[in-house]
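Working notes, structure below.
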Amino acid sequence: MSSEGDRRLSVSDCDEAQRRESMTTLARKLRLADYFALAFGVMVGTAWLVVMDDILQRGGPLGAILGFTAGALMLLPIGYVYGLLVQAIPDAAGEAAYVARFFPRALSFATGWMVFLSYFLTCPFEALAAGKIAGYLFPSLNRLELYSLGGHPVYLPHILLGLLIIVPLTWVNYRGVQAGARLGKWTTFTFLTLVIVFALAGAQHGSSANFHPLFSHSPLISILLVWQVVPWLLAGFESVGKYAEEASPGFRGHDFSVAILLTIFVGLAFFWVVISAVAYVAPWESLKGNQQFATAVAFERALHAHWIVVLIMASALVALLQAFNANLIASSRLLFAMSRNGLLNPRMSYLHSVNQTPSTALITVGVATSLAMLLGEAGLVPILEVGAVASAIAWMAACASYCCMKPQFRGLAAAIFGLVVTTLMVLVKVVPIVPGHFTRNEWIALAIWAGIGLLIRSPSQEKHFGQKADVAPASPSTGVTKP
């Protein structure tokens with residue numbers, strides 16, 4: 001009786017495999033430069049311009065540099081683990097797929113839902129930033145106030161500018177991943193060039209005396225306060241896994257690791273340059289939190305010229321486009337893959353038969369971004385704080401999954417180290433006695449997001465892509481067991 005059942009199951013598995021083969025799949029178009037550009041786009045948007053004064057107030061110039069350096073170095077073992085995981089499990093669901101191999105289905109969904117938050121919320125944040133940047137350059141746009149939330153007005157021109165970004169970029173990515181990747185490369189390399197230009201301009205008009213005092217508090221506290229925000233500002237390298245199914249046919253597996261590590265190092269170098277440049281051109285203690293775009297103000301005072309402000313704002317606009325584009329792609333792939341794997345409504349797993357893009361997921365993210373933009377800055381900032389913790393939770397989940405894959409010693413050591421580091425990252429945000437911990441607003445935002453997840457989670461229990469895997473001996477190419 002059991003052999004007959006096994007035979008039927010085997011036939012069913014073959015039918016399912018054949019059905020999947022005949023289905024439309026994601027287009028395989030991405031190369032190493034595309035992976036780097038998209039991951040760097042997820043990592044770096046306009047936050048550097050908006051929060052640079054806060055970073056310097058947290059740590060001072062040297063405290064900020066050391067805080068970012070410590071954070072980036074601690075991310076390297078996690079990046080190493082991700083490189084191996086993406087090779088072993090090239091699934092756009094990323095962490096949700098990794099967790100599903102060894103842990104319960106509910107935990108897989110919770111992980112994916114938190115990761116989705118960290119990508120998705122960047123989209124309305126950047127869309128709103130477009131209005132703020134344009135309004136800074138052209139004050140006439142700061143009119144026609146629709147309403148105010150938390151003391152922050154929401155202007156009609158800002159909303160319209162946001163829509164002018166959301167609609168075209170959603171359409172570009174609807175047309176194909178190659179178009180989105182091409183836009184990602186253009187914006188990333190243009191942005192890095194502009195940063196070098198304005199940093200060199202500032203180097204001609206500053207003083208090393210402006211670096212003092214080197215720390216805003218005691219050295220340890222200064223570094224810790226900056227290190228707390230590193231998961232938010234250096235998150236993005238792990239997004240490589242969300243595009244894993246779209247690698248070009250000749251793409252080498254170990255290049256996933258190259259893209260991840262390159263993103264971390266370039267991201268760290270970027271923040272080194274910007275922190276040093278801003279602190280060099282003006283006394284960092286003069287950068288007040290009530291100044292809009294304190295970075296641009298500092299350069300304008302140092303150079304006594306307005307053109308540098310236009311250059312910095314142009315850099316920010318390019319960064320805005322690269323971040324929106326990359327996070328739109330990452331969040332739509334994650335939504336698509338979670339749906340395909342039975343965690344969300346199956347409609348989200350629809351693929352356009354010609355463009356080979358997750359069109360329903362892309363449109364959903366675009367519409368949701370338009371609605372979330374209406375929350376304004378006051379509504380989005382607390383949720384972005386939750387997004388920083390979401391990144392750390394994602395990395396923790398990936399490291400825990402990797403530990404279950406019977407890796408070689410080096411991989412196991414990296415995963416255990418990653419678990420320790422990510423646990424600390426979560427604790428410093430949720431333990432009340434630690435400076436910079438969650439306030440009531442952040443806890444409310446987390447509860448609302450969890451509630452939304454419970455409402456939309458797929459009730460189906462039939463598709464169990466999260467069954468525990470029987471693993472085979474370690475693969476010499478990845479250092480992990482094949483799931």
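Residue numbering restarts at 1 for every chain of the structure tokens, chains are lettered A, B, ... in their displayed order, and ligands are numbered from 1 as they appear.
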Which neighbours of stretch 139-150 of chain A fall inside 8 Å, counting only C-alpha atoms, when residues of the same chain fewer than 4 positions from it are skipped, and could you give them as a ChimeraX atom specification? /A:131,134-135,154-158,375-376,378-379
DSSP-assigned strand (DSSP E) members of stretch 132-165 of chain A, reported as a count of residues only: 9
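When only C-alpha atoms are used to compute distances to A:Trp227, the closest of the residues A:Val86, A:Ile78, A:Ala70, A:Ile416 turns out to be A:Ala70.
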Compile the contact shell of A:Leu454 as a short mmCIF file (atom, residue, chain, number, x, y, z; two decimals) with C-alpha atoms, in the first residue's frame: residues with an atom at most 12 Å away, counting only C-alpha atoms, same-chain residues fewer than 2 positions apart removed.
data_model
loop_
_atom_site.label_atom_id
_atom_site.label_comp_id
_atom_site.auth_asym_id
_atom_site.auth_seq_id
_atom_site.Cartn_x
_atom_site.Cartn_y
_atom_site.Cartn_z
CA ALA A 106 4.89 30.74 10.27
CA PHE A 109 6.37 34.14 6.65
CA ALA A 110 7.28 36.41 9.57
CA TRP A 113 7.27 39.98 5.89
CA LEU A 343 2.87 32.40 1.85
CA LEU A 344 0.79 35.13 0.19
CA ALA A 447 2.47 46.20 15.89
CA ILE A 448 0.57 47.68 12.93
CA TRP A 449 2.90 46.03 10.42
CA ALA A 450 2.57 42.67 12.19
CA GLY A 451 -1.22 43.07 12.18
CA ILE A 452 -1.27 43.74 8.44
CA ILE A 456 -2.94 39.12 4.39
CA ARG A 457 -1.08 35.90 5.15
CA SER A 458 -2.19 33.05 2.91
CA PRO A 459 -4.42 30.68 4.92
#
Name all residues at most 12 Å from A:Val273 (count only C-alpha atoms; drop same-chain ones fewer than 6 positions away) and give them as a PDB file with C-alpha atoms, in the first residue's frame.
ATOM      1  CA  TRP A  48      23.012  60.286   3.822  1.00  0.00           C
ATOM      2  CA  MET A  52      24.235  63.313   8.119  1.00  0.00           C
ATOM      3  CA  PRO A  61      33.593  62.725  12.933  1.00  0.00           C
ATOM      4  CA  ALA A  64      30.985  58.176  13.048  1.00  0.00           C
ATOM      5  CA  ILE A  65      33.816  56.782  10.925  1.00  0.00           C
ATOM      6  CA  PHE A  68      30.558  52.641  10.356  1.00  0.00           C
ATOM      7  CA  LEU A 192      29.368  57.977  -7.323  1.00  0.00           C
ATOM      8  CA  VAL A 195      29.953  62.468  -4.913  1.00  0.00           C
ATOM      9  CA  ILE A 196      33.642  62.489  -5.830  1.00  0.00           C
ATOM     10  CA  VAL A 197      33.208  65.865  -7.558  1.00  0.00           C
ATOM     11  CA  PHE A 198      31.552  67.647  -4.621  1.00  0.00           C
ATOM     12  CA  ALA A 199      33.911  66.011  -2.085  1.00  0.00           C
ATOM     13  CA  LEU A 200      36.938  67.296  -4.045  1.00  0.00           C
ATOM     14  CA  GLY A 202      34.923  70.796  -0.511  1.00  0.00           C
ATOM     15  CA  ALA A 203      38.513  69.696   0.043  1.00  0.00           C
ATOM     16  CA  VAL A 266      31.938  50.560  -1.576  1.00  0.00           C
ATOM     17  CA  GLY A 267      29.138  51.503   0.840  1.00  0.00           C
ATOM     18  CA  ALA A 279      33.116  67.540   8.853  1.00  0.00           C
ATOM     19  CA  TYR A 280      36.041  69.097   6.969  1.00  0.00           C
TER      20      TYR A 280
END
Counting only C-alpha atoms, closest pick from A:Leu121, A:Ala181, A:Ala337, A:Val297 relative to A:Val386 is A:Leu121
Of the residues A:Leu56, A:Ala97, A:Ala92, A:Ala302, which is the one nearest to A:Ala397, using only C-alpha atoms?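 For A:Ala397, the nearest of the given residues is A:Ala97.
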Interatomic distance, atom CA of A:Leu194 to atom CA of A:Val318 (Å, one decimal):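 Between atom CA of A:Leu194 and atom CA of A:Val318 the gap is 9.2 Å.
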Taking only C-alpha atoms into account, which of A:Ile55, A:Cys403, A:Leu26, A:Ile133 comes nearest A:Ser216? A:Ile55
Can you pull out the residues contacting A:Ala316? Cut-off 9 Å, using only C-alpha atoms, and skip same-chain residues under 5 positions away; I want them as a ChimeraX atom specification. /A:45-46,48-49,130,133,191,311,321
Those residues with N, CA and C atoms, as a PDB file, in the first residue's frame please?
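Full text of result_26.pdb as output:
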ATOM      1  N   GLY A  45      20.468  55.662  -0.599  1.00  0.00           N
ATOM      2  CA  GLY A  45      19.475  56.532  -1.209  1.00  0.00           C
ATOM      3  C   GLY A  45      19.768  57.964  -0.818  1.00  0.00           C
ATOM      4  N   THR A  46      18.777  58.652  -0.260  1.00  0.00           N
ATOM      5  CA  THR A  46      18.971  60.038   0.167  1.00  0.00           C
ATOM      6  C   THR A  46      19.192  60.163   1.664  1.00  0.00           C
ATOM      7  N   TRP A  48      21.741  59.639   3.482  1.00  0.00           N
ATOM      8  CA  TRP A  48      23.012  60.286   3.822  1.00  0.00           C
ATOM      9  C   TRP A  48      22.865  61.802   3.865  1.00  0.00           C
ATOM     10  N   LEU A  49      22.019  62.355   3.005  1.00  0.00           N
ATOM     11  CA  LEU A  49      21.816  63.797   2.971  1.00  0.00           C
ATOM     12  C   LEU A  49      20.904  64.251   4.101  1.00  0.00           C
ATOM     13  N   ALA A 130      11.843  63.424  -2.942  1.00  0.00           N
ATOM     14  CA  ALA A 130      11.896  64.192  -4.188  1.00  0.00           C
ATOM     15  C   ALA A 130      11.245  65.553  -4.007  1.00  0.00           C
ATOM     16  N   ILE A 133      13.530  67.793  -1.719  1.00  0.00           N
ATOM     17  CA  ILE A 133      14.720  68.299  -2.419  1.00  0.00           C
ATOM     18  C   ILE A 133      14.323  69.388  -3.408  1.00  0.00           C
ATOM     19  N   PHE A 191      25.941  58.721  -9.758  1.00  0.00           N
ATOM     20  CA  PHE A 191      25.918  59.210  -8.382  1.00  0.00           C
ATOM     21  C   PHE A 191      27.305  59.176  -7.757  1.00  0.00           C
ATOM     22  N   LEU A 311      24.682  71.054  -7.065  1.00  0.00           N
ATOM     23  CA  LEU A 311      25.389  69.805  -7.354  1.00  0.00           C
ATOM     24  C   LEU A 311      25.040  68.720  -6.340  1.00  0.00           C
ATOM     25  N   LEU A 321      16.648  58.187  -7.320  1.00  0.00           N
ATOM     26  CA  LEU A 321      16.188  57.320  -8.406  1.00  0.00           C
ATOM     27  C   LEU A 321      16.785  55.925  -8.304  1.00  0.00           C
TER      28      LEU A 321
END
List every residue of stretch 252-471 of chain A that DSSP, applied to the backbone of this structure, assigns to alpha helix (DSSP H), and report them as a PyMOL selection string. chain A and resi 255-281+294-303+307-340+359-372+376-403+409-430+440-456
Please provide as number ranges by chain all residues within 8 Å of A:Tyr350, with the sequence filter that same-chain residues fewer than 5 positions apart are discarded (counting only C-alpha atoms). A: 336, 358-361
Please, could you write that set of residues out with N, CA and C atoms as a PDB file, in the first residue's frame?
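File written: part-v6.pdb
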ATOM      1  N   PHE A 336       6.610  38.470  -4.968  1.00  0.00           N
ATOM      2  CA  PHE A 336       6.328  37.436  -5.967  1.00  0.00           C
ATOM      3  C   PHE A 336       6.719  36.042  -5.454  1.00  0.00           C
ATOM      4  N   PRO A 358       7.405  40.028 -12.621  1.00  0.00           N
ATOM      5  CA  PRO A 358       6.271  39.795 -11.717  1.00  0.00           C
ATOM      6  C   PRO A 358       5.355  41.014 -11.735  1.00  0.00           C
ATOM      7  N   SER A 359       4.583  41.145 -12.790  1.00  0.00           N
ATOM      8  CA  SER A 359       3.837  42.375 -13.059  1.00  0.00           C
ATOM      9  C   SER A 359       2.837  42.720 -11.956  1.00  0.00           C
ATOM     10  N   THR A 360       2.125  41.725 -11.434  1.00  0.00           N
ATOM     11  CA  THR A 360       1.153  42.003 -10.372  1.00  0.00           C
ATOM     12  C   THR A 360       1.843  42.511  -9.123  1.00  0.00           C
ATOM     13  N   ALA A 361       2.946  41.890  -8.755  1.00  0.00           N
ATOM     14  CA  ALA A 361       3.696  42.324  -7.573  1.00  0.00           C
ATOM     15  C   ALA A 361       4.255  43.727  -7.778  1.00  0.00           C
TER      16      ALA A 361
END
For A:Gly63, the nearest of the candidates A:Ala247, A:Leu85, A:Ile260, A:Ile221, counting only C-alpha atoms: A:Ile221
